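Trainee: So that you have it, the file is query_37.cif, and it contains mmCIF, C-alpha atoms:
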data_data
loop_
_atom_site.label_atom_id
_atom_site.label_comp_id
_atom_site.auth_asym_id
_atom_site.auth_seq_id
_atom_site.Cartn_x
_atom_site.Cartn_y
_atom_site.Cartn_z
CA MET A 7 107.71 98.29 82.62
CA ALA A 8 108.20 94.58 82.35
CA VAL A 9 108.00 91.76 84.86
CA ARG A 10 108.93 88.39 83.45
CA VAL A 11 109.15 84.97 85.09
CA GLN A 12 110.76 82.56 82.67
CA SER A 13 112.97 79.49 82.36
CA GLU A 14 115.01 80.98 79.49
CA ASP A 15 118.19 82.95 80.08
CA PHE A 16 118.27 86.71 79.49
CA ASP A 17 120.67 89.04 77.67
CA VAL A 18 121.80 91.81 80.03
CA GLY A 19 123.12 93.97 77.19
CA ALA A 20 119.88 93.77 75.24
CA GLU A 21 117.80 94.52 78.35
CA SER A 22 120.00 97.52 79.16
CA ARG A 23 119.78 98.90 75.62
CA ALA A 24 115.99 98.49 75.72
CA LEU A 25 115.86 100.95 78.63
CA GLN A 26 117.76 103.69 76.84
CA GLY A 27 115.84 106.80 75.85
CA PRO A 28 116.12 110.58 75.55
CA ALA A 29 115.32 111.28 79.23
CA VAL A 30 117.47 108.44 80.60
CA GLY A 31 120.75 109.47 82.22
CA ALA A 32 121.30 106.39 84.37
CA ILE A 33 120.64 102.67 84.12
CA ALA A 34 121.37 100.51 87.18
CA LEU A 35 121.58 96.76 86.60
CA PHE A 36 121.67 93.99 89.17
CA VAL A 37 122.26 90.39 88.12
CA GLY A 38 121.99 87.52 90.60
CA THR A 39 123.78 84.27 89.69
CA VAL A 40 123.96 80.71 91.00
CA ARG A 41 126.87 80.54 93.43
CA SER A 42 128.65 77.20 93.57
CA LEU A 43 130.24 77.82 96.96
CA SER A 44 127.64 77.80 99.72
CA ASP A 45 128.26 76.91 103.36
CA ASP A 46 131.58 75.34 102.34
CA ASP A 47 129.81 72.78 100.18
CA ASP A 48 129.78 72.63 96.42
CA VAL A 49 126.38 73.41 94.93
CA THR A 50 126.17 71.90 91.45
CA ALA A 51 122.72 73.23 90.54
CA MET A 52 119.52 74.59 91.96
CA THR A 53 115.86 74.37 91.07
CA LEU A 54 113.61 77.38 91.47
CA GLU A 55 109.91 76.92 92.08
CA HIS A 56 107.35 79.75 92.30
CA TYR A 57 103.67 80.53 92.79
CA PRO A 58 102.36 81.43 89.32
CA GLY A 59 100.05 84.41 89.49
CA MET A 60 101.11 85.58 92.94
CA THR A 61 104.75 85.96 91.91
CA GLU A 62 104.01 88.43 89.12
CA GLN A 63 101.54 90.27 91.35
CA GLU A 64 104.06 90.64 94.20
CA ILE A 65 106.88 91.79 91.93
CA THR A 66 104.58 94.32 90.29
CA ARG A 67 103.57 95.58 93.74
CA ILE A 68 107.25 96.00 94.72
CA GLU A 69 107.93 97.84 91.47
CA THR A 70 104.98 100.16 92.09
CA GLU A 71 106.32 100.95 95.58
CA ALA A 72 109.72 101.76 94.09
CA ARG A 73 108.15 104.07 91.50
CA ASN A 74 106.30 105.87 94.28
CA ARG A 75 109.60 106.50 96.08
CA TRP A 76 111.90 107.48 93.21
CA PRO A 77 111.47 109.26 89.86
CA LEU A 78 112.05 106.21 87.68
CA ILE A 79 111.66 106.13 83.94
CA ASP A 80 111.47 102.39 83.37
CA VAL A 81 111.96 99.10 85.22
CA THR A 82 112.63 95.58 83.97
CA ILE A 83 112.56 92.65 86.37
CA ILE A 84 113.28 89.13 85.09
CA HIS A 85 113.40 86.07 87.37
CA ARG A 86 114.21 82.63 86.10
CA ILE A 87 112.61 79.38 87.27
CA GLY A 88 113.42 75.70 86.81
CA ARG A 89 116.83 74.02 87.07
CA LEU A 90 119.88 76.28 86.87
CA VAL A 91 123.50 75.13 87.09
CA ALA A 92 126.31 76.94 88.89
CA GLY A 93 127.27 80.21 87.22
CA GLU A 94 123.92 80.75 85.49
CA GLN A 95 122.00 84.01 85.77
CA ILE A 96 118.95 83.89 88.07
CA VAL A 97 117.56 87.39 88.32
CA LEU A 98 117.84 90.77 86.61
CA VAL A 99 116.70 94.08 88.02
CA ALA A 100 117.24 96.95 85.61
CA VAL A 101 116.15 100.49 86.47
CA SER A 102 116.41 103.66 84.41
CA SER A 103 116.13 107.22 85.64
CA ALA A 104 117.40 110.71 84.82
CA HIS A 105 120.10 110.59 87.54
CA ARG A 106 122.10 107.78 89.10
CA GLN A 107 120.99 107.92 92.75
CA ALA A 108 117.37 107.03 92.05
CA ALA A 109 118.44 104.14 89.80
CA PHE A 110 120.94 102.75 92.34
CA ASP A 111 118.56 103.07 95.28
CA ALA A 112 115.51 101.69 93.47
CA ALA A 113 117.45 98.65 92.19
CA GLN A 114 118.55 97.85 95.76
CA TYR A 115 115.07 98.41 97.14
CA ILE A 116 113.50 96.12 94.54
CA MET A 117 116.04 93.35 95.20
CA ASP A 118 115.64 93.63 98.98
CA PHE A 119 111.87 93.22 98.78
CA LEU A 120 112.00 90.61 96.03
CA LYS A 121 114.14 88.50 98.39
CA THR A 122 111.58 88.60 101.21
CA ASP A 123 108.24 88.89 99.41
CA ALA A 124 108.30 87.30 95.95
CA PRO A 125 107.14 83.67 96.28
CA PHE A 126 110.14 81.75 94.92
CA TRP A 127 111.84 78.78 96.58
CA LYS A 128 115.28 77.36 95.85
CA ALA A 129 116.30 73.73 96.21
CA GLU A 130 120.06 73.20 96.03
CA GLU A 131 121.78 70.14 94.58
CA ARG A 132 125.01 68.90 96.08
CA GLY A 133 125.81 65.75 94.16
CA ASP A 134 122.76 63.52 94.67
CA THR A 135 121.47 65.47 97.68
CA ILE A 136 118.72 68.05 97.24
CA THR A 137 117.92 70.47 100.05
CA TRP A 138 115.50 73.38 100.28
CA VAL A 139 117.29 76.63 101.04
CA ASP A 140 116.37 78.27 104.35
CA ALA A 141 115.37 81.93 104.41
CA ARG A 142 118.12 84.20 105.69
CA GLN A 143 117.66 86.57 108.60
CA SER A 144 120.01 88.98 106.82
CA ASP A 145 117.47 89.25 104.00
CA ASN A 146 114.73 90.09 106.47
CA ASP A 147 117.00 92.71 108.03
CA ALA A 148 117.97 94.18 104.65
CA HIS A 149 114.58 95.60 103.87
CA LYS A 150 114.19 97.24 107.27
CA ARG A 151 116.59 99.97 106.15
CA TRP A 152 113.81 101.23 103.87
CA ASP A 153 111.28 101.64 106.71
CA MET B 3 84.58 74.19 91.99
CA SER B 4 81.31 74.30 93.89
CA ASP B 5 80.51 77.26 96.08
CA THR B 6 81.35 75.49 99.33
CA THR B 7 84.89 74.47 98.50
CA ILE B 8 88.26 76.16 98.74
CA ASN B 9 91.43 75.40 96.83
CA VAL B 10 94.48 74.82 99.02
CA LEU B 11 97.97 75.03 97.54
CA TYR B 12 101.31 73.89 98.98
CA PHE B 13 104.78 74.84 97.80
CA ALA B 14 108.38 73.68 98.26
CA TRP B 15 108.86 71.30 101.24
CA MET B 16 105.23 71.71 102.26
CA ARG B 17 104.21 70.18 98.92
CA GLU B 18 106.61 67.29 99.52
CA HIS B 19 105.30 66.68 103.05
CA THR B 20 101.62 66.80 102.07
CA GLY B 21 102.23 64.86 98.86
CA THR B 22 100.12 67.27 96.85
CA ALA B 23 100.51 70.65 95.15
CA SER B 24 96.83 71.48 95.43
CA GLU B 25 93.63 70.03 96.80
CA GLN B 26 90.00 71.05 96.87
CA ILE B 27 88.60 71.08 100.36
CA SER B 28 84.97 71.26 101.35
CA LEU B 29 84.90 74.12 103.83
CA PRO B 30 83.24 73.18 107.16
CA ASP B 31 80.79 75.72 108.55
CA ASP B 32 82.96 76.41 111.59
CA VAL B 33 86.12 77.12 109.60
CA ARG B 34 86.16 80.76 108.60
CA ASN B 35 89.75 81.82 109.12
CA VAL B 36 93.28 80.48 108.61
CA ALA B 37 93.75 79.68 112.32
CA ALA B 38 90.78 77.28 112.16
CA LEU B 39 91.77 75.87 108.78
CA VAL B 40 95.26 74.76 109.86
CA PRO B 41 94.20 72.11 112.45
CA PHE B 42 91.46 70.96 110.07
CA LEU B 43 94.00 70.37 107.28
CA ALA B 44 96.52 68.82 109.69
CA LYS B 45 94.07 65.93 110.26
CA ARG B 46 94.15 64.92 106.59
CA SER B 47 97.41 62.94 106.88
CA ASP B 48 100.62 62.58 108.87
CA GLY B 49 102.35 64.55 106.12
CA HIS B 50 99.86 67.40 106.45
CA ALA B 51 100.37 67.40 110.22
CA LEU B 52 104.14 67.56 109.74
CA ALA B 53 103.93 70.32 107.14
CA LEU B 54 101.65 72.47 109.30
CA LYS B 55 103.27 71.65 112.65
CA ASN B 56 105.16 74.90 113.05
CA MET B 57 103.13 77.76 111.63
CA LYS B 58 105.93 80.18 112.57
CA ALA B 59 107.92 78.58 109.74
CA VAL B 60 105.05 78.89 107.29
CA ARG B 61 103.59 81.80 105.33
CA VAL B 62 100.06 81.93 104.07
CA ALA B 63 98.44 83.74 101.17
CA VAL B 64 94.70 84.18 100.68
CA ASN B 65 93.77 84.75 97.05
CA ARG B 66 97.43 85.47 96.23
CA THR B 67 97.87 88.16 98.86
CA TYR B 68 99.89 87.62 102.05
CA GLY B 69 97.75 86.90 105.07
CA ASP B 70 98.10 85.51 108.58
CA LEU B 71 96.27 83.27 111.03
CA ASP B 72 93.54 85.88 111.44
CA SER B 73 92.81 86.12 107.71
CA ALA B 74 89.20 85.31 106.85
CA ILE B 75 88.37 82.45 104.49
CA ALA B 76 85.30 82.20 102.31
CA PRO B 77 84.11 79.59 99.82
CA ASN B 78 85.95 79.68 96.48
CA ASP B 79 89.07 81.19 98.07
CA GLU B 80 92.55 80.07 97.07
CA ILE B 81 94.63 79.49 100.21
CA ALA B 82 98.36 78.86 99.78
CA PHE B 83 100.81 77.61 102.41
CA PHE B 84 104.53 77.90 101.82
CA PRO B 85 107.90 78.26 103.57
CA PRO B 86 109.60 81.65 103.86
CA VAL B 87 110.62 82.63 100.33
CA THR B 88 114.16 82.22 98.99
CA GLY B 89 114.24 83.75 95.52
CA GLY B 90 116.53 86.36 94.06
#
As a first step, turn the structure in this file into structure tokens.
Mentor:
Amino acid sequence: MAVRVQSEDFDVGAESRALQGPAVGAIALFVGTVRSLSDDDDVTAMTLEHYPGMTEQEITRIETEARNRWPLIDVTIIHRIGRLVAGEQIVLVAVSSAHRQAAFDAAQYIMDFLKTDAPFWKAEERGDTITWVDARQSDNDAHKRWD
Amino acid sequence: MSDTTINVLYFAWMREHTGTASEQISLPDDVRNVAALVPFLAKRSDGHALALKNMKAVRVAVNRTYGDLDSAIAPNDEIAFFPPVTGG
């Protein structure tokens, strides 16, 4: 398992290959990127802040919950921090298992809880204007399907 | 840190309102939970009062674990206030 919070970019291909192994029959990958179109306004960049120490702890807790629910072989979660311009990768969730359903479901579960529980905050830049992003009710609703 | 202080952290717009990312606070004897800490901190400045005005829009962590207004506070604790999270 690996949980990494970093400013550097990540290589999806390399992370996927790192999860391969004799018992692995499925690798599900989710990559979140910086969207430039948001609320009809052009977002040029965003800055991600987090709570060092708690972030890693919360992500590890979410991963442990996922492992308790599904027979996973390995999990890699990478979340970037700092200033990211439109189109850049923000987050990677990569899950390996023997069969696809566990990998698909666990990747979704991890993303849903990462969205509501991992202490990250985004500030969006539109030209010279910087605004903190509001939490979305849809994100709060998304994790209720796992209750 | 002495044994009667707590470390209070603020993130995102709460940090901007309070003007500080962290501050050491001497814990008064009658403040032993988050509900009592909030009005105590709000008196520190107009920015603190603004940041802590609507606790429904704020989340709190005690020693890096999510808590709420009822969470107990003891000397040497790390108490963090922050807006609902927006990562991913």
Trainee: Around segment 57-64 of chain B, with edges along x, y and z and 5 Å added on all six sides, what centre and edge lengths do you get, in Å to one decimal, as lines of an AutoDock Vina configuration file?
Mentor:
center_x = 101.3
center_y = 81.0
center_z = 106.6
size_x = 23.2
size_y = 16.4
size_z = 21.9
Trainee: Using all atoms listed in the file, pick whichever of A:Asp123, A:Glu131, A:Asp80, A:Asp118 has the shortest atom-to-atom distance to Ile65 of chain A.
Mentor: A:Asp123
Trainee: How many Å separate atom CA of Gly49 of chain B from atom CA of Glu18 of chain B?
Mentor: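 So the two atoms, atom CA of Gly49 of chain B and atom CA of Glu18 of chain B, lie 8.3 Å apart.
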Trainee: Which distance in Å separates atom CA of Ala129 of chain A and atom CA of Leu52 of chain B, to one decimal?
Mentor: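 About the pair atom CA of Ala129 of chain A and atom CA of Leu52 of chain B: they are 19.2 Å apart.
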Trainee: Based on all atoms listed in the file, which of the residues in chain B come within 7 Å of chain A? I want them as a list in words.
Mentor: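 Therefore, the residues near the partner are Ala14, Arg66, Pro86, Val87, Thr88, Gly89 and Gly90 of chain B.
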Trainee: Would you work out the distance separating atom CA of Ala92 of chain A from atom CA of Val11 of chain A, expressed in Å to one decimal?
Mentor: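 Between atom CA of Ala92 of chain A and atom CA of Val11 of chain A the gap works out to 19.3 Å.
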Trainee: Show me, as a VMD selection string, the residues that have an atom within 9 Å of Asn9 of chain B when counting all atoms listed in the file, minus same-chain residues fewer than 2 positions from it.
Mentor: chain B and resid 3 7 11 24 to 28 77 to 82
Trainee: Would you mind telling me which residue in B:Lys45, B:Tyr12, B:Asp31, B:Thr22 lies nearest to Ile75 of chain B when using all atoms listed in the file?
Mentor: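 Checking each of B:Lys45, B:Tyr12, B:Asp31, B:Thr22 against Ile75 of chain B, counting all atoms listed in the file, the winner is B:Asp31.
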Trainee: Pick the closest to Ala63 of chain B from B:Phe83, B:Val33, B:Thr6, B:Ala23: which is it, counting all atoms listed in the file?
Mentor: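 Smallest separation from Ala63 of chain B among the options: B:Phe83.
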Trainee: Could you tell me which of B:Ser47, B:Thr67, B:Asn35, B:Asn56 comes closest to Ile8 of chain B if we count all atoms listed in the file?
Mentor: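 Residue with the minimum atom-to-atom distance to Ile8 of chain B: B:Asn35.
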Trainee: Please return as a PyMOL selection string every residue within 10 Å of (104.4, 73.8, 110.7), taking into account only C-alpha atoms and the file's own coordinates.
Mentor: chain B and resi 16+40+44+50-61+83-85
Trainee: For a quick check of understanding, using all atoms listed in the file, which of A:Ala108, A:Ala29, A:Val101, A:Val91 has the smallest distance to Asp48 of chain A?
Mentor: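 Of all the options, A:Val91 lies closest to Asp48 of chain A.
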Trainee: Could you tell me, as a ChimeraX atom specification, exactly which residues end up selected when the PyMOL selection byres ((chain A and resi 132) around 10) is applied to this structure?
Mentor: /A:42,44,47-52,129-131,133-137
Trainee: Would you kindly return, as a PDB file with C-alpha atoms, keeping the file's coordinate frame, each protein, DNA or RNA residue with an atom no farther than 12 Å from any atom of Ala72 of chain A, considering only C-alpha atoms and excluding same-chain residues fewer than 2 positions away?
Mentor:
ATOM      1  CA  ILE A  65     106.880  91.790  91.930  1.00  0.00           C
ATOM      2  CA  THR A  66     104.580  94.320  90.290  1.00  0.00           C
ATOM      3  CA  ARG A  67     103.570  95.580  93.740  1.00  0.00           C
ATOM      4  CA  ILE A  68     107.250  96.000  94.720  1.00  0.00           C
ATOM      5  CA  GLU A  69     107.930  97.840  91.470  1.00  0.00           C
ATOM      6  CA  THR A  70     104.980 100.160  92.090  1.00  0.00           C
ATOM      7  CA  ASN A  74     106.300 105.870  94.280  1.00  0.00           C
ATOM      8  CA  ARG A  75     109.600 106.500  96.080  1.00  0.00           C
ATOM      9  CA  TRP A  76     111.900 107.480  93.210  1.00  0.00           C
ATOM     10  CA  PRO A  77     111.470 109.260  89.860  1.00  0.00           C
ATOM     11  CA  LEU A  78     112.050 106.210  87.680  1.00  0.00           C
ATOM     12  CA  ILE A  79     111.660 106.130  83.940  1.00  0.00           C
ATOM     13  CA  ASP A  80     111.470 102.390  83.370  1.00  0.00           C
ATOM     14  CA  VAL A  81     111.960  99.100  85.220  1.00  0.00           C
ATOM     15  CA  VAL A 101     116.150 100.490  86.470  1.00  0.00           C
ATOM     16  CA  SER A 102     116.410 103.660  84.410  1.00  0.00           C
ATOM     17  CA  SER A 103     116.130 107.220  85.640  1.00  0.00           C
ATOM     18  CA  ALA A 108     117.370 107.030  92.050  1.00  0.00           C
ATOM     19  CA  ALA A 109     118.440 104.140  89.800  1.00  0.00           C
ATOM     20  CA  PHE A 110     120.940 102.750  92.340  1.00  0.00           C
ATOM     21  CA  ASP A 111     118.560 103.070  95.280  1.00  0.00           C
ATOM     22  CA  ALA A 112     115.510 101.690  93.470  1.00  0.00           C
ATOM     23  CA  ALA A 113     117.450  98.650  92.190  1.00  0.00           C
ATOM     24  CA  GLN A 114     118.550  97.850  95.760  1.00  0.00           C
ATOM     25  CA  TYR A 115     115.070  98.410  97.140  1.00  0.00           C
ATOM     26  CA  ILE A 116     113.500  96.120  94.540  1.00  0.00           C
ATOM     27  CA  MET A 117     116.040  93.350  95.200  1.00  0.00           C
ATOM     28  CA  ASP A 118     115.640  93.630  98.980  1.00  0.00           C
ATOM     29  CA  PHE A 119     111.870  93.220  98.780  1.00  0.00           C
ATOM     30  CA  LEU A 120     112.000  90.610  96.030  1.00  0.00           C
ATOM     31  CA  TRP A 152     113.810 101.230 103.870  1.00  0.00           C
TER      32      TRP A 152
END
Trainee: Selected by the PyMOL selection byres ((chain B and resi 71) around 8) in the shown coordinates: which residues, as an mmCIF file with C-alpha atoms, in the coordinates of the input?
Mentor:
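In the end it all went to expr.cif:
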data_model
loop_
_atom_site.group_PDB
_atom_site.id
_atom_site.type_symbol
_atom_site.label_atom_id
_atom_site.label_comp_id
_atom_site.auth_asym_id
_atom_site.auth_seq_id
_atom_site.Cartn_x
_atom_site.Cartn_y
_atom_site.Cartn_z
ATOM 1 C CA ASN B 35 89.750 81.820 109.120
ATOM 2 C CA VAL B 36 93.280 80.480 108.610
ATOM 3 C CA ALA B 37 93.750 79.680 112.320
ATOM 4 C CA GLY B 69 97.750 86.900 105.070
ATOM 5 C CA ASP B 70 98.100 85.510 108.580
ATOM 6 C CA ASP B 72 93.540 85.880 111.440
ATOM 7 C CA SER B 73 92.810 86.120 107.710
#
Trainee: How would you write, as a PyMOL selection string, the residues chosen by the PyMOL selection byres ((chain A and resi 33) around 8) on this structure?
Mentor: chain A and resi 22+25-26+30-32+34-35+100-103+106+109
Trainee: Where atoms are missing, can you supply N, CA and C atoms for segment 38-56 of chain B and output the lot as a compact mmCIF listing (two decimals), keeping the file's coordinate frame?
Mentor:
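Wrote it out as part_34.txt, contents follow:
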# COMPACT_ATOMS: atom_id res chain seq x y z
N ALA B 38 91.66 78.45 112.04
CA ALA B 38 90.78 77.28 112.16
C ALA B 38 91.04 76.27 111.04
N LEU B 39 91.51 76.76 109.91
CA LEU B 39 91.77 75.87 108.78
C LEU B 39 92.98 74.96 109.04
N VAL B 40 94.01 75.51 109.68
CA VAL B 40 95.26 74.76 109.86
C VAL B 40 95.04 73.42 110.59
N PRO B 41 94.42 73.41 111.78
CA PRO B 41 94.20 72.11 112.45
C PRO B 41 93.27 71.18 111.66
N PHE B 42 92.35 71.77 110.91
CA PHE B 42 91.46 70.96 110.07
C PHE B 42 92.27 70.24 108.98
N LEU B 43 93.17 70.97 108.32
CA LEU B 43 94.00 70.37 107.28
C LEU B 43 95.00 69.38 107.87
N ALA B 44 95.50 69.67 109.07
CA ALA B 44 96.52 68.82 109.69
C ALA B 44 96.00 67.41 109.93
N LYS B 45 94.67 67.26 110.02
CA LYS B 45 94.07 65.93 110.26
C LYS B 45 94.01 65.08 109.00
N ARG B 46 94.30 65.67 107.84
CA ARG B 46 94.15 64.92 106.59
C ARG B 46 95.17 63.80 106.44
N SER B 47 96.40 64.00 106.95
CA SER B 47 97.41 62.94 106.88
C SER B 47 98.56 63.29 107.81
N ASP B 48 99.44 62.31 108.05
CA ASP B 48 100.62 62.58 108.87
C ASP B 48 101.49 63.64 108.20
N GLY B 49 101.55 63.58 106.87
CA GLY B 49 102.35 64.55 106.12
C GLY B 49 101.81 65.96 106.27
N HIS B 50 100.48 66.09 106.23
CA HIS B 50 99.86 67.40 106.45
C HIS B 50 100.20 67.91 107.86
N ALA B 51 100.09 67.00 108.84
CA ALA B 51 100.37 67.40 110.22
C ALA B 51 101.80 67.88 110.36
N LEU B 52 102.72 67.17 109.69
CA LEU B 52 104.14 67.56 109.74
C LEU B 52 104.34 68.92 109.06
N ALA B 53 103.75 69.08 107.90
CA ALA B 53 103.93 70.32 107.14
C ALA B 53 103.42 71.53 107.91
N LEU B 54 102.31 71.34 108.64
CA LEU B 54 101.65 72.47 109.30
C LEU B 54 101.97 72.56 110.79
N LYS B 55 102.96 71.74 111.22
CA LYS B 55 103.27 71.65 112.65
C LYS B 55 103.71 72.99 113.23
N ASN B 56 104.62 73.65 112.53
CA ASN B 56 105.16 74.90 113.05
C ASN B 56 104.74 76.06 112.15
